[in-house]
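The next block holds one structure in the form of structure tokens; read it before the comments.
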Amino acid sequence: MSLLIATHSGPFHADDVMATALVRVFVDADAAVVRTRDPEKLAPADVVLDVGGVFDPEARRFDHHQATYEGPRSSAGMVLDWLESTGAVSPSLAKYLRDGVMEYLDDVDNGRVAPKGEVPCFPRIVDALNQVADTEEGFDEAFQRAVTVATWTLEGLRAGHAKIELARAVVKAAMDEAAAEGRNVLFLDAYHSWKAPYFELGGETHPTELVLFPGTDDSWRVIAIPPRFGEFGQKRSLPAAWAGLTDGDLEAVTGVPGSVFCHKNLFIAVFRTRDAAVEALQKHGLLYR
């Protein structure tokens with residue numbers, strides 16, 4: 001049977017919304033919700049969030065308003081800690097969610113920081129979703145819409161974290177292979193967000209200077225690697241003669257059919273195929289091993 005989540009009725013906040021979404025995303029997608037402050041209705045619930053005056057993870061009670069709780073968490077942060085402790089969320093994903101969403105949400109809910117008026121952060125989005133309601137029934141309906149937004153957000157964050165973890169593994173293998181072969185070009189056989197893991201894994205001192213990978217449009221890109229993360233320089237620039245050229249003009253200079261584009265600042269060149277990109281690199285002394 002599906003879990004029953006209980007949380008407080010009336011206006012809602014980012015923490016009870018996010019806590020509910022955490023349970024639905026990582027424990028039970030079909031969990032039902034009752035919104036009440038009645039102790040008799042709270043008692044039979046499988047999980048109680050942001051109400052009830054009890055913090056007891058083993059009993060699945062997550063309230064932070066009582067004087068006996070002195071920690072930094074809101075109900076959302078409490079639930080994330082619980083999910084990590086039970087193995088429902090990995091330590092790596094838990095850290096990613098805390099860094100990206102949860103610690104800020106906890107800080108706002110507990111009054112340690114105030115959300116900036118000009119920034120549409122999650123607490124402000126939830127506050128806006130409250131504004132359509134004036135009755136208990138209206139708040140219940142708006143709460144469900146807010147939980148849907150939070151669920152989509154968590155699902156996107158989970159997917160993004162999975163891509164980061166995959167990219168880190170792929171980039172590490174490619175860096176190890178390039179170093180073992182004495183090659184200055186990093187070869188990636190699929191599109192990944194490579195830059196952050198590359199520098200996390202020691203890219204500043206790694207001998208690779210260029211990276212070759214497929215784009216999302218079936219083209220192949222050669223990127224000049226910057227010397228440090230976040231900088232716009234290049235360890236090694238593409239040939240000056242390629243700058244700003246496209247299609248036939250670039251093909252004439254590279255001597256390679258399938259040359260498509262080179263940025264005038266010489267940090268990216270695009271080719272129709274992998275073979276064309278490798279041939280251009282070899283012809284112009286940009287690939288050595």
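Going by the structure tokens order, chains are called A, B, ..., each with residues numbered from 1, while ligands are numbered from 1 in the order shown.
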
Within 6 Å of region 212-214 of chain A, counting only C-alpha atoms, which residues show up once you throw out same-chain ones fewer than 2 positions away? Write them as an MDAnalysis selection string, please. chainID A and resid 187:191 219:222

Could those selected residues go to a file with C-alpha atoms, as an mmCIF file, in the first residue's frame?
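Writing the result to out-v8.cif gives the following:
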data_model
loop_
_atom_site.group_PDB
_atom_site.id
_atom_site.type_symbol
_atom_site.label_atom_id
_atom_site.label_comp_id
_atom_site.auth_asym_id
_atom_site.auth_seq_id
_atom_site.Cartn_x
_atom_site.Cartn_y
_atom_site.Cartn_z
ATOM 1 C CA PHE A 187 39.038 11.770 -27.051
ATOM 2 C CA LEU A 188 35.406 11.503 -25.896
ATOM 3 C CA ASP A 189 33.074 9.258 -27.893
ATOM 4 C CA ALA A 190 29.833 10.808 -26.597
ATOM 5 C CA TYR A 191 28.695 14.269 -25.561
ATOM 6 C CA SER A 219 28.890 17.168 -35.778
ATOM 7 C CA TRP A 220 32.303 16.735 -34.113
ATOM 8 C CA ARG A 221 33.958 19.531 -32.161
ATOM 9 C CA VAL A 222 37.558 20.291 -31.312
#

Skip region 143-148 of chain A itself and residues of its chain fewer than 3 positions away, then list as a PDB file with C-alpha atoms, in the first residue's frame all residues within 10 Å of it, counting only C-alpha atoms.
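Here's the written file around26.pdb:
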ATOM      1  CA  SER A   9      -2.975  22.661   6.491  1.00  0.00           C
ATOM      2  CA  GLY A  10      -3.313  26.249   5.291  1.00  0.00           C
ATOM      3  CA  PRO A  11      -0.504  28.290   3.691  1.00  0.00           C
ATOM      4  CA  PHE A  12       2.538  26.206   2.834  1.00  0.00           C
ATOM      5  CA  HIS A  13       6.251  26.885   2.603  1.00  0.00           C
ATOM      6  CA  ALA A  14       9.217  25.637   0.616  1.00  0.00           C
ATOM      7  CA  ASP A  16       6.999  21.150   3.607  1.00  0.00           C
ATOM      8  CA  VAL A  17       6.572  21.234  -0.177  1.00  0.00           C
ATOM      9  CA  MET A  18      10.105  19.979  -0.811  1.00  0.00           C
ATOM     10  CA  ALA A  19       9.932  17.413   1.997  1.00  0.00           C
ATOM     11  CA  THR A  20       6.785  15.941   0.448  1.00  0.00           C
ATOM     12  CA  ALA A  21       8.431  15.834  -2.971  1.00  0.00           C
ATOM     13  CA  LEU A  22      11.514  14.128  -1.498  1.00  0.00           C
ATOM     14  CA  ARG A  24       7.514  10.922  -3.419  1.00  0.00           C
ATOM     15  CA  VAL A  33      -1.035  13.541   1.401  1.00  0.00           C
ATOM     16  CA  ARG A  35      -2.977  18.326   5.284  1.00  0.00           C
ATOM     17  CA  PHE A 122      12.389  28.103  -4.879  1.00  0.00           C
ATOM     18  CA  ILE A 125       8.213  30.446  -6.215  1.00  0.00           C
ATOM     19  CA  VAL A 126       6.402  28.521  -3.471  1.00  0.00           C
ATOM     20  CA  ASP A 127       5.273  31.776  -1.887  1.00  0.00           C
ATOM     21  CA  ALA A 128       3.848  32.880  -5.243  1.00  0.00           C
ATOM     22  CA  LEU A 129       1.924  29.621  -5.573  1.00  0.00           C
ATOM     23  CA  ASN A 130       0.251  30.375  -2.229  1.00  0.00           C
ATOM     24  CA  ALA A 133      -5.622  30.496  -2.517  1.00  0.00           C
ATOM     25  CA  GLU A 137      -9.469  23.780  -0.035  1.00  0.00           C
ATOM     26  CA  GLY A 138      -7.693  26.325  -2.206  1.00  0.00           C
ATOM     27  CA  PHE A 139      -4.461  25.956  -0.248  1.00  0.00           C
ATOM     28  CA  ASP A 140      -4.691  22.168  -0.550  1.00  0.00           C
ATOM     29  CA  THR A 151       9.018  16.909  -7.879  1.00  0.00           C
ATOM     30  CA  TRP A 152      10.018  18.042 -11.362  1.00  0.00           C
ATOM     31  CA  THR A 153      12.885  20.011  -9.820  1.00  0.00           C
ATOM     32  CA  LEU A 154      14.176  17.024  -7.860  1.00  0.00           C
TER      33      LEU A 154
END

Where in region 114-271 of chain A does DSSP assign strand (DSSP E or B), given as a VMD selection string? chain A and resid 185 to 187 210 to 214 220 to 224 246 259 to 262 268 to 271

Under the rule that only C-alpha atoms are counted, which of A:Lys41, A:Gly87, A:Phe261, A:Lys235 is the nearest residue to Asn184 (chain A)? A:Lys235

Taking 5 positions as the minimum chain separation for residues in the same chain, which residues sit within 8 Å of Asp46 (chain A) when counting only C-alpha atoms? Answer as a ChimeraX atom specification. /A:3-6,60

Could you write out the selected residues, including N, CA and C atoms, as a compact mmCIF listing (two decimals), in the first residue's frame?
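To be explicit, this is the file written out as out.txt:
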# COMPACT_ATOMS: atom_id res chain seq x y z
N LEU A 3 2.29 4.95 0.91
CA LEU A 3 2.49 5.67 2.15
C LEU A 3 1.47 6.80 2.28
N LEU A 4 1.21 7.19 3.52
CA LEU A 4 0.39 8.36 3.81
C LEU A 4 1.29 9.41 4.44
N ILE A 5 1.40 10.55 3.77
CA ILE A 5 2.16 11.69 4.29
C ILE A 5 1.20 12.66 4.92
N ALA A 6 1.55 13.17 6.10
CA ALA A 6 0.75 14.23 6.73
C ALA A 6 1.63 15.46 6.88
N ARG A 60 9.71 8.43 11.58
CA ARG A 60 9.38 9.22 10.39
C ARG A 60 8.58 10.46 10.77

Which of region 107-284 of chain A end up as alpha helix (DSSP H) when DSSP is run on this backbone - answer as a PDB file with C-alpha atoms, in the first residue's frame?
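Output contents, as saved in out.pdb:
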ATOM      1  CA  ASP A 107      18.396  28.771   5.916  1.00  0.00           C
ATOM      2  CA  VAL A 108      15.454  30.703   4.481  1.00  0.00           C
ATOM      3  CA  ASP A 109      12.845  28.695   6.367  1.00  0.00           C
ATOM      4  CA  PHE A 122      12.389  28.103  -4.879  1.00  0.00           C
ATOM      5  CA  PRO A 123      11.088  29.676  -1.621  1.00  0.00           C
ATOM      6  CA  ARG A 124       9.793  32.694  -3.584  1.00  0.00           C
ATOM      7  CA  ILE A 125       8.213  30.446  -6.215  1.00  0.00           C
ATOM      8  CA  VAL A 126       6.402  28.521  -3.471  1.00  0.00           C
ATOM      9  CA  ASP A 127       5.273  31.776  -1.887  1.00  0.00           C
ATOM     10  CA  ALA A 128       3.848  32.880  -5.243  1.00  0.00           C
ATOM     11  CA  LEU A 129       1.924  29.621  -5.573  1.00  0.00           C
ATOM     12  CA  ASN A 130       0.251  30.375  -2.229  1.00  0.00           C
ATOM     13  CA  GLU A 136      -8.365  25.613   3.098  1.00  0.00           C
ATOM     14  CA  GLU A 137      -9.469  23.780  -0.035  1.00  0.00           C
ATOM     15  CA  GLY A 138      -7.693  26.325  -2.206  1.00  0.00           C
ATOM     16  CA  PHE A 139      -4.461  25.956  -0.248  1.00  0.00           C
ATOM     17  CA  ASP A 140      -4.691  22.168  -0.550  1.00  0.00           C
ATOM     18  CA  GLU A 141      -4.999  22.437  -4.333  1.00  0.00           C
ATOM     19  CA  ALA A 142      -2.171  24.962  -4.578  1.00  0.00           C
ATOM     20  CA  PHE A 143       0.006  22.776  -2.351  1.00  0.00           C
ATOM     21  CA  GLN A 144      -0.355  19.863  -4.765  1.00  0.00           C
ATOM     22  CA  ARG A 145       0.706  22.112  -7.654  1.00  0.00           C
ATOM     23  CA  ALA A 146       3.719  23.267  -5.638  1.00  0.00           C
ATOM     24  CA  VAL A 147       4.677  19.649  -4.883  1.00  0.00           C
ATOM     25  CA  THR A 148       4.502  18.892  -8.606  1.00  0.00           C
ATOM     26  CA  VAL A 149       6.966  21.738  -9.269  1.00  0.00           C
ATOM     27  CA  ALA A 150       9.248  20.457  -6.503  1.00  0.00           C
ATOM     28  CA  THR A 151       9.018  16.909  -7.879  1.00  0.00           C
ATOM     29  CA  TRP A 152      10.018  18.042 -11.362  1.00  0.00           C
ATOM     30  CA  THR A 153      12.885  20.011  -9.820  1.00  0.00           C
ATOM     31  CA  LEU A 154      14.176  17.024  -7.860  1.00  0.00           C
ATOM     32  CA  GLU A 155      13.871  14.718 -10.852  1.00  0.00           C
ATOM     33  CA  GLY A 156      15.881  17.185 -12.926  1.00  0.00           C
ATOM     34  CA  LEU A 157      18.527  17.528 -10.209  1.00  0.00           C
ATOM     35  CA  ARG A 158      18.771  13.744  -9.886  1.00  0.00           C
ATOM     36  CA  ALA A 159      19.209  13.399 -13.650  1.00  0.00           C
ATOM     37  CA  GLY A 160      21.791  16.177 -13.694  1.00  0.00           C
ATOM     38  CA  HIS A 161      23.742  14.527 -10.892  1.00  0.00           C
ATOM     39  CA  ALA A 162      23.711  11.214 -12.768  1.00  0.00           C
ATOM     40  CA  LYS A 163      25.139  12.960 -15.832  1.00  0.00           C
ATOM     41  CA  ILE A 164      27.865  14.533 -13.709  1.00  0.00           C
ATOM     42  CA  GLU A 165      28.800  11.175 -12.207  1.00  0.00           C
ATOM     43  CA  LEU A 166      28.884   9.551 -15.654  1.00  0.00           C
ATOM     44  CA  ALA A 167      30.895  12.424 -17.117  1.00  0.00           C
ATOM     45  CA  ARG A 168      33.438  12.166 -14.300  1.00  0.00           C
ATOM     46  CA  ALA A 169      33.970   8.461 -14.972  1.00  0.00           C
ATOM     47  CA  VAL A 170      34.202   8.932 -18.747  1.00  0.00           C
ATOM     48  CA  VAL A 171      36.547  11.910 -18.514  1.00  0.00           C
ATOM     49  CA  LYS A 172      38.816  10.143 -16.022  1.00  0.00           C
ATOM     50  CA  ALA A 173      39.126   7.134 -18.329  1.00  0.00           C
ATOM     51  CA  ALA A 174      39.874   9.407 -21.296  1.00  0.00           C
ATOM     52  CA  MET A 175      42.489  11.375 -19.318  1.00  0.00           C
ATOM     53  CA  ASP A 176      44.174   8.181 -18.168  1.00  0.00           C
ATOM     54  CA  GLU A 177      44.220   6.838 -21.725  1.00  0.00           C
ATOM     55  CA  ALA A 178      45.656  10.057 -23.175  1.00  0.00           C
ATOM     56  CA  ALA A 179      48.368  10.214 -20.509  1.00  0.00           C
ATOM     57  CA  ALA A 180      49.295   6.555 -21.036  1.00  0.00           C
ATOM     58  CA  GLU A 181      49.614   7.100 -24.799  1.00  0.00           C
ATOM     59  CA  LYS A 195      35.078  20.696 -18.305  1.00  0.00           C
ATOM     60  CA  ALA A 196      34.240  20.586 -14.581  1.00  0.00           C
ATOM     61  CA  PRO A 197      35.308  16.948 -14.058  1.00  0.00           C
ATOM     62  CA  TYR A 198      38.425  17.495 -16.187  1.00  0.00           C
ATOM     63  CA  PHE A 199      39.696  20.197 -13.858  1.00  0.00           C
ATOM     64  CA  GLU A 200      38.502  18.406 -10.726  1.00  0.00           C
ATOM     65  CA  ASP A 247      32.551  25.533 -44.985  1.00  0.00           C
ATOM     66  CA  GLY A 248      34.467  25.772 -48.302  1.00  0.00           C
ATOM     67  CA  ASP A 249      36.799  28.514 -47.070  1.00  0.00           C
ATOM     68  CA  LEU A 250      37.771  26.437 -44.047  1.00  0.00           C
ATOM     69  CA  GLU A 251      38.091  23.277 -46.159  1.00  0.00           C
ATOM     70  CA  ALA A 252      40.519  25.082 -48.453  1.00  0.00           C
ATOM     71  CA  VAL A 253      42.743  26.057 -45.514  1.00  0.00           C
ATOM     72  CA  THR A 254      42.561  22.760 -43.599  1.00  0.00           C
ATOM     73  CA  ARG A 274      35.236  12.369 -36.379  1.00  0.00           C
ATOM     74  CA  ASP A 275      37.571  11.265 -39.139  1.00  0.00           C
ATOM     75  CA  ALA A 276      37.566  14.762 -40.638  1.00  0.00           C
ATOM     76  CA  ALA A 277      38.394  16.306 -37.269  1.00  0.00           C
ATOM     77  CA  VAL A 278      41.260  13.861 -36.625  1.00  0.00           C
ATOM     78  CA  GLU A 279      42.634  14.363 -40.148  1.00  0.00           C
ATOM     79  CA  ALA A 280      42.639  18.156 -39.723  1.00  0.00           C
ATOM     80  CA  LEU A 281      44.408  17.876 -36.373  1.00  0.00           C
ATOM     81  CA  GLN A 282      47.043  15.557 -37.821  1.00  0.00           C
ATOM     82  CA  LYS A 283      47.656  17.634 -40.938  1.00  0.00           C
TER      83      LYS A 283
END

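The space between CA of Asp15 (chain A) and CA of Leu97 (chain A) spans 13.5 Å.
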
Show which residues sit within 8 Å of Val185 (chain A), as a list in words. Count only C-alpha atoms, and ignore same-chain residues fewer than 4 positions away. Ala178, Thr208, Glu209, Leu210, Val211, Leu212, Leu287 and Tyr288 of chain A

Any chance you could export the current selection's C-alpha atoms as a compact mmCIF listing (two decimals), in the first residue's frame?
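The file below, selection14.txt, is the result:
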# COMPACT_ATOMS: atom_id res chain seq x y z
CA ALA A 178 45.66 10.06 -23.18
CA THR A 208 46.13 17.31 -22.93
CA GLU A 209 45.58 20.60 -24.76
CA LEU A 210 42.52 19.89 -26.94
CA VAL A 211 39.37 17.80 -26.57
CA LEU A 212 37.49 16.09 -29.40
CA LEU A 287 47.68 15.87 -32.60
CA TYR A 288 50.73 14.08 -31.36

One-decimal distance in Å that lies between CA of Ala43 (chain A) and CA of Glu103 (chain A): 28.7 Å

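Here CA of Trp242 (chain A) stands at a distance of 15.9 Å from CA of Arg272 (chain A).
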
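Using only C-alpha atoms for every distance, the candidate list A:Ser90, A:Thr246, A:Thr7, A:Thr205 yields A:Thr7 as the residue closest to Val51 (chain A).
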
Shell around Ala59 (chain A) at 10 Å using only C-alpha atoms, local window under 5 positions removed, as a ChimeraX atom specification: /A:46-48,54

Residues just named, written with N, CA and C atoms as a PDB file, in the first residue's frame:
ATOM      1  N   ASP A  46       2.147   7.627   7.880  1.00  0.00           N
ATOM      2  CA  ASP A  46       3.439   6.947   7.811  1.00  0.00           C
ATOM      3  C   ASP A  46       4.595   7.928   7.955  1.00  0.00           C
ATOM      4  N   VAL A  47       4.395   9.144   7.453  1.00  0.00           N
ATOM      5  CA  VAL A  47       5.416  10.192   7.520  1.00  0.00           C
ATOM      6  C   VAL A  47       4.708  11.486   7.877  1.00  0.00           C
ATOM      7  N   VAL A  48       5.243  12.218   8.874  1.00  0.00           N
ATOM      8  CA  VAL A  48       4.669  13.503   9.278  1.00  0.00           C
ATOM      9  C   VAL A  48       5.723  14.582   9.077  1.00  0.00           C
ATOM     10  N   VAL A  54       7.428  16.869  16.761  1.00  0.00           N
ATOM     11  CA  VAL A  54       8.303  15.730  17.039  1.00  0.00           C
ATOM     12  C   VAL A  54       9.338  15.604  15.932  1.00  0.00           C
TER      13      VAL A  54
END
